[in-house]
Structures are given as structure tokens and as C-alpha cells.
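Trainee: There's a structure below that I have some questions on.
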Amino acid sequence: MRQVAREAGVSPTTVSNVLNNPELVAEGTRRRVHAAMERMGYLPDSAARRLRGIPSPLVGAVTLDIAGPFFTEVCRGVEDRLLQDGCMLMTCSTDLQPGREQHYLRELEKQRVRGVLITPVEADLDSLVALAARGVPVVLLDHRSDGRLCSVSVDNQWGGEQVAGHLIALGHRRIALLSAAIEVQQTAERHAGVRKAFLKAGLDPGRGVLDVRVPSPDITETAAAALEDVLGAADPPTAILCLNDSAALGVIGGLKERGVAVPGEMSVVGYDDVAFAAQLAPPLTTVWQPKRELGRVAAELLLDEARAGHRHQKLVYRPQLVVRESTAAPCR
């Protein structure tokens, strides 16, 4: 560090501040120090820094499936915010398996990460609260908190209600809900919203909603295969609400293979409004969520955990229905 200071023409204290408290150093000086470190090939020893009580730059994100377009965009928002504080993101996918989630949490704690952003599989938050009590800050991502942890989430009940209200207004009275075999908080809330919309319209959700579950891996293919349960039902639905846009992609493809026109014979709705949703044929009716904003704000809350006076926050965003061409009045 002293050699870097000599090379950059600053004091060792300034070099230390550039590494540990960059906000205390003028931008031009920071650039000069970083240039000197690059010329010299200097890399701080992360283990030694942790021994001296300097926080790790690593942040863990434990999501349901990082391969899904929704979590890809959310994590990009996290990454963009963390970079501003010199931190780096490490991502993990649980595939809705509680055992896998616990494995990642143990390993991240061993690495003494700066904190953990997590979309939990189960509703019980006790183990995450205990992790935070051991000194690893935890922020719930796309999951509502009970007040013991910070959280950033979306009002999924509102989203489900808006979709079902749209379909009911078009004349649909029988809707299939395509969701994962393990029901996480988000899908449970959407289901509640759909049922609420049926009740508000004076309809019986027990008769109007067909619950279809699919395994979570390879959701595009498994959603297409689940069409046998939808089309083979004694009282087939006239619309399908999918757990996400990737599932809707599989459903539209599967319906076309079976000669079922979308939306002429079957309306299809996705969820998330990812980049390809508007490019499908037909363009997909879906529910927009502020994906990058969710990630950015979650990262901000995590970084704020270390600051004096931090108070847990429970932030909830409202999604928006985006009507495109994959929904229409039922033909029967």
C-alpha cells in the first residue's frame, strides 16, 4: 500500500480510504490511485482485510432460478447498484428446494459476505432472522417481510386481480392457473387476487378457476406438457394465466402444435413482461413488474444495513397489466 501511495503521489491513508471509504476521496485522486494499482498489479488481500474488520465486497443473491428472465433482470439491477460501492454479486439458484437454499446460505456465511439478498422458498423466516442476528445482513427480494427484515416486493394479489378482471370483462368464466408445484408466496398471492376478482364479479372461483401445477425446472417445456391437463379437463378453460412469461411462451407453442388458435380459441396471459413478451406471436398480454428497480432498491437497503440508524423497511411496488394481442373474448 505504501508503494502504491508513492506511485500515485498520495499518502498511505488516502490509498486506504480509496479501498475502504471511497466516498471520502475526491474522484480525481481515486482515479490516480486506481491507475497506480493497475500499473503495479496491486490487489488487496481479501482475507487480511476481513481479519482487520473491513467488510467483504461480496454480496450473495439466492434466487429461485437465476436462469429465468425475471431474476436475470432483477440481479442486473442489484449488480448496477453494488458496483457503485465497489461490491460484487454472487448468484445462486435454489430451484425451489429448501435444502439447496440452506446449503447456499451456509456457504455464503462461511465466506463472510457483506450480506444476502434472498427470495425464500418457504414462508418461515426464522432461519433468515437468525442469520441476520449472527451479523450477516439479509434483505428479502421479491418477498414480503413480517417486519423483522427489510424487504422489496410487488403486490402480487393486485396483479392477479387485474389479470382475472381483464379476462372476466372479456367474457371468460373458466380460467386455468398454471403455477409451480411448490407454491411460493408470490403465486399464492396471485391466486388470491384471481379468486378476489371472481368474487367481485359475483362468480364462484371454485367453479371458475382450474389449478394446474408444473415442475419448476425447464418451465417452458413443462408448461407446454401441462396443456394435457388443461385441454383434457371435464370443463376446459377458455383462458390460461401462466406463472411467468417463459411458461406462457411454452403454452403458446404447445397450443399451436395442437392446432388451438391464440387468442381465437384460447387466451393466454403471462407475468413479468420480460423483453421477449412483446415479440411473441401473438404479442403477449402480461403483468409488468419493475424488475431492475426491485434489484437496485434491494441492494440499496442491504448496503444501508451497516449504517448507523438503519431501520428495516418493507417496500411494495404495484405491477401493471399490459394488454396485448394474446387475449380476446372466448369463442364459446
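Ordered as shown in the C-alpha cells, chains take letters A, B, and onward, while each chain numbers its residues from 1 and ligands are numbered from 1 in the order shown.
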Counting only C-alpha atoms, which residues of segment 196-261 of chain A sit at most 10 Å from some atom of segment 185-190 of chain A, and what is each one's closest atom pair with its distance in Å to one decimal, listed by chain and rising residue number, as a tab-separated table?

Mentor:
```
residue	atom	partner	partner_atom	distance
A:Lys196	CA	A:Arg190	CA	9.7
A:Leu243	CA	A:Thr187	CA	7.1
A:Asn244	CA	A:Thr187	CA	10.0
```

Trainee: Residues as selected, all heavy atoms, written as an mmCIF file, in the first residue's frame, can you do that?

Mentor:
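again14.cif written:
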```cif
data_model
loop_
_atom_site.group_PDB
_atom_site.id
_atom_site.type_symbol
_atom_site.label_atom_id
_atom_site.label_comp_id
_atom_site.auth_asym_id
_atom_site.auth_seq_id
_atom_site.Cartn_x
_atom_site.Cartn_y
_atom_site.Cartn_z
ATOM 1 N N LYS A 196 -60.317 -13.228 -5.760
ATOM 2 C CA LYS A 196 -60.977 -11.981 -5.371
ATOM 3 C C LYS A 196 -61.718 -11.366 -6.556
ATOM 4 O O LYS A 196 -62.849 -10.859 -6.413
ATOM 5 C CB LYS A 196 -59.938 -11.000 -4.822
ATOM 6 C CG LYS A 196 -60.521 -9.706 -4.296
ATOM 7 C CD LYS A 196 -59.434 -8.825 -3.699
ATOM 8 C CE LYS A 196 -59.998 -7.496 -3.200
ATOM 9 N NZ LYS A 196 -58.919 -6.631 -2.633
ATOM 10 N N LEU A 243 -47.567 -18.662 -14.761
ATOM 11 C CA LEU A 243 -46.793 -18.114 -13.645
ATOM 12 C C LEU A 243 -45.750 -17.112 -14.102
ATOM 13 O O LEU A 243 -45.335 -16.252 -13.324
ATOM 14 C CB LEU A 243 -46.126 -19.229 -12.846
ATOM 15 C CG LEU A 243 -44.945 -19.981 -13.448
ATOM 16 C CD1 LEU A 243 -44.146 -20.653 -12.325
ATOM 17 C CD2 LEU A 243 -45.395 -21.053 -14.430
ATOM 18 N N ASN A 244 -45.292 -17.186 -15.341
ATOM 19 C CA ASN A 244 -44.373 -16.181 -15.870
ATOM 20 C C ASN A 244 -44.429 -16.210 -17.392
ATOM 21 O O ASN A 244 -45.118 -17.045 -17.999
ATOM 22 C CB ASN A 244 -42.940 -16.381 -15.346
ATOM 23 C CG ASN A 244 -42.388 -17.758 -15.642
ATOM 24 O OD1 ASN A 244 -42.652 -18.349 -16.683
ATOM 25 N ND2 ASN A 244 -41.612 -18.295 -14.704
#
```

Trainee: Give me the residues within 12 Å of Gln97 of chain A as a list of chain:residue names, counting only C-alpha atoms and dropping any in the same chain fewer than 4 places off.

Mentor: A:Val62, A:Thr63, A:Leu64, A:Asp65, A:Cys92, A:Ser93, A:Glu101, A:Gln102, A:His103, A:Tyr104, A:Thr119, A:Pro120, A:Val121, A:Glu122, A:Ala181, A:Ile182, A:Glu183, A:Val184, A:Pro215, A:Ser216, A:Pro217

Trainee: What is the atom CA of Gln111 of chain A-atom CA of Val15 of chain A distance in Å, reported with one decimal?

Mentor: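 Calculated distance between atom CA of Gln111 of chain A and atom CA of Val15 of chain A is 25.0 Å.
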
Trainee: Which of segment 158-303 of chain A counts as alpha helix (DSSP H) under DSSP, as a short mmCIF file (atom, residue, chain, number, x, y, z; two decimals) with C-alpha atoms, in the first residue's frame please?

Mentor:
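Here's the written file selection-v5.cif:
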```
data_model
loop_
_atom_site.label_atom_id
_atom_site.label_comp_id
_atom_site.auth_asym_id
_atom_site.auth_seq_id
_atom_site.Cartn_x
_atom_site.Cartn_y
_atom_site.Cartn_z
CA TRP A 158 -53.24 -6.82 -7.14
CA GLY A 159 -51.56 -8.29 -10.23
CA GLY A 160 -53.66 -11.46 -10.10
CA GLU A 161 -56.82 -9.46 -9.57
CA GLN A 162 -56.10 -7.20 -12.55
CA VAL A 163 -55.45 -10.13 -14.90
CA ALA A 164 -58.55 -12.03 -13.83
CA GLY A 165 -60.65 -8.86 -14.01
CA HIS A 166 -59.44 -8.31 -17.58
CA LEU A 167 -60.33 -11.86 -18.60
CA ILE A 168 -63.72 -11.75 -16.86
CA ALA A 169 -64.50 -8.46 -18.62
CA LEU A 170 -63.79 -10.18 -21.93
CA GLN A 185 -45.61 -16.52 -1.57
CA GLN A 186 -45.79 -14.75 -4.93
CA THR A 187 -48.01 -17.32 -6.67
CA ALA A 188 -50.20 -17.78 -3.58
CA GLU A 189 -50.92 -14.04 -3.62
CA ARG A 190 -51.70 -14.06 -7.33
CA HIS A 191 -54.14 -16.93 -6.81
CA ALA A 192 -55.79 -14.93 -4.03
CA GLY A 193 -56.11 -11.98 -6.41
CA VAL A 194 -57.73 -14.13 -9.09
CA ARG A 195 -60.24 -15.51 -6.59
CA LYS A 196 -60.98 -11.98 -5.37
CA ALA A 197 -61.73 -10.84 -8.94
CA PHE A 198 -64.19 -13.72 -9.41
CA LEU A 199 -65.96 -12.89 -6.15
CA LYS A 200 -66.16 -9.18 -7.05
CA PRO A 205 -63.94 -19.13 -8.02
CA GLY A 206 -64.38 -22.80 -7.10
CA ARG A 207 -66.08 -23.36 -10.45
CA GLY A 208 -64.19 -20.74 -12.43
CA ILE A 219 -40.55 -24.27 -17.28
CA THR A 220 -41.09 -23.57 -20.99
CA GLU A 221 -41.24 -27.29 -21.83
CA THR A 222 -43.12 -28.42 -18.71
CA ALA A 223 -45.74 -25.72 -19.18
CA ALA A 224 -46.39 -26.98 -22.71
CA ALA A 225 -46.75 -30.54 -21.38
CA LEU A 227 -51.66 -28.48 -21.55
CA GLU A 228 -52.92 -32.08 -21.45
CA ASP A 229 -54.42 -31.35 -18.02
CA VAL A 230 -55.87 -28.05 -19.25
CA LEU A 231 -57.39 -29.21 -22.52
CA ASP A 245 -43.72 -15.20 -19.47
CA SER A 246 -41.42 -18.18 -20.09
CA ALA A 247 -44.29 -20.52 -19.20
CA ALA A 248 -46.58 -18.54 -21.49
CA LEU A 249 -44.06 -18.99 -24.31
CA GLY A 250 -44.26 -22.77 -23.83
CA VAL A 251 -48.05 -22.70 -23.62
CA ILE A 252 -48.47 -20.70 -26.83
CA GLY A 253 -46.09 -23.06 -28.64
CA GLY A 254 -47.90 -26.12 -27.30
CA LEU A 255 -51.30 -24.76 -28.28
CA LYS A 256 -50.10 -24.07 -31.82
CA GLU A 257 -48.79 -27.64 -32.11
CA LYS A 291 -37.53 -5.80 -12.25
CA ARG A 292 -34.33 -3.72 -12.27
CA GLU A 293 -35.79 -1.30 -9.75
CA LEU A 294 -36.52 -4.19 -7.38
CA GLY A 295 -32.89 -5.24 -7.56
CA ARG A 296 -31.49 -1.74 -7.25
CA VAL A 297 -33.57 -0.89 -4.20
CA ALA A 298 -32.88 -4.24 -2.53
CA ALA A 299 -29.14 -3.64 -2.93
CA GLU A 300 -29.54 -0.13 -1.52
CA LEU A 301 -31.31 -1.49 1.56
CA LEU A 302 -28.61 -4.12 2.06
CA LEU A 303 -25.81 -1.56 1.90
#
```

Trainee: Residues near Gly9 of chain A, anyone? I mean within 12 Å using only C-alpha atoms, not counting same-chain ones fewer than 2 positions away, as a CSV table (one decimal) with N, CA and C atoms, in the first residue's frame.

Mentor:
```csv
chain,number,residue,atom,x,y,z
A,1,MET,N,0.8,-1.2,0.0
A,1,MET,CA,0.0,0.0,0.0
A,1,MET,C,0.9,1.3,0.0
A,2,ARG,N,2.0,1.2,0.7
A,2,ARG,CA,2.9,2.3,0.7
A,2,ARG,C,3.5,2.6,-0.6
A,3,GLN,N,3.8,1.5,-1.3
A,3,GLN,CA,4.4,1.6,-2.7
A,3,GLN,C,3.3,2.2,-3.6
A,4,VAL,N,2.1,1.8,-3.5
A,4,VAL,CA,1.0,2.4,-4.3
A,4,VAL,C,0.9,3.9,-4.0
A,5,ALA,N,1.0,4.3,-2.7
A,5,ALA,CA,0.9,5.7,-2.3
A,5,ALA,C,2.1,6.5,-3.0
A,6,ARG,N,3.3,5.9,-3.0
A,6,ARG,CA,4.4,6.6,-3.6
A,6,ARG,C,4.2,6.8,-5.1
A,7,GLU,N,3.7,5.7,-5.7
A,7,GLU,CA,3.5,5.7,-7.2
A,7,GLU,C,2.4,6.8,-7.6
A,11,SER,N,-0.8,9.9,0.2
A,11,SER,CA,-0.4,9.2,1.5
A,11,SER,C,-1.0,7.8,1.5
A,12,PRO,N,-0.4,6.9,2.4
A,12,PRO,CA,-1.0,5.6,2.5
A,12,PRO,C,-2.4,5.6,3.1
A,13,THR,N,-2.7,6.7,3.9
A,13,THR,CA,-4.1,6.8,4.4
A,13,THR,C,-5.0,7.0,3.3
A,14,THR,N,-4.6,7.8,2.3
A,14,THR,CA,-5.5,8.1,1.1
A,14,THR,C,-5.8,6.8,0.3
A,15,VAL,N,-4.7,6.0,0.2
A,15,VAL,CA,-4.9,4.7,-0.5
A,15,VAL,C,-5.9,3.8,0.3
A,29,THR,N,-8.5,12.0,-7.4
A,29,THR,CA,-7.5,11.3,-6.6
A,29,THR,C,-7.8,9.8,-6.7
A,30,ARG,N,-9.1,9.4,-6.6
A,30,ARG,CA,-9.4,7.9,-6.7
A,30,ARG,C,-8.9,7.4,-8.0
A,32,ARG,N,-6.4,8.4,-9.8
A,32,ARG,CA,-4.9,8.3,-9.8
A,32,ARG,C,-4.5,7.1,-9.0
A,33,VAL,N,-5.1,6.8,-7.9
A,33,VAL,CA,-4.7,5.7,-7.1
A,33,VAL,C,-5.0,4.4,-7.8
A,35,ALA,N,-5.2,3.9,-11.0
A,35,ALA,CA,-4.3,3.8,-12.1
A,35,ALA,C,-2.9,3.2,-11.6
A,36,ALA,N,-2.5,3.7,-10.4
A,36,ALA,CA,-1.3,3.3,-9.8
A,36,ALA,C,-1.4,1.8,-9.5
```

Trainee: Restricting the calculation to only C-alpha atoms, which member of A:Ala275, A:Leu58, A:Leu178, A:Cys75 is positioned closest to Val136 of chain A?

Mentor: A:Leu58
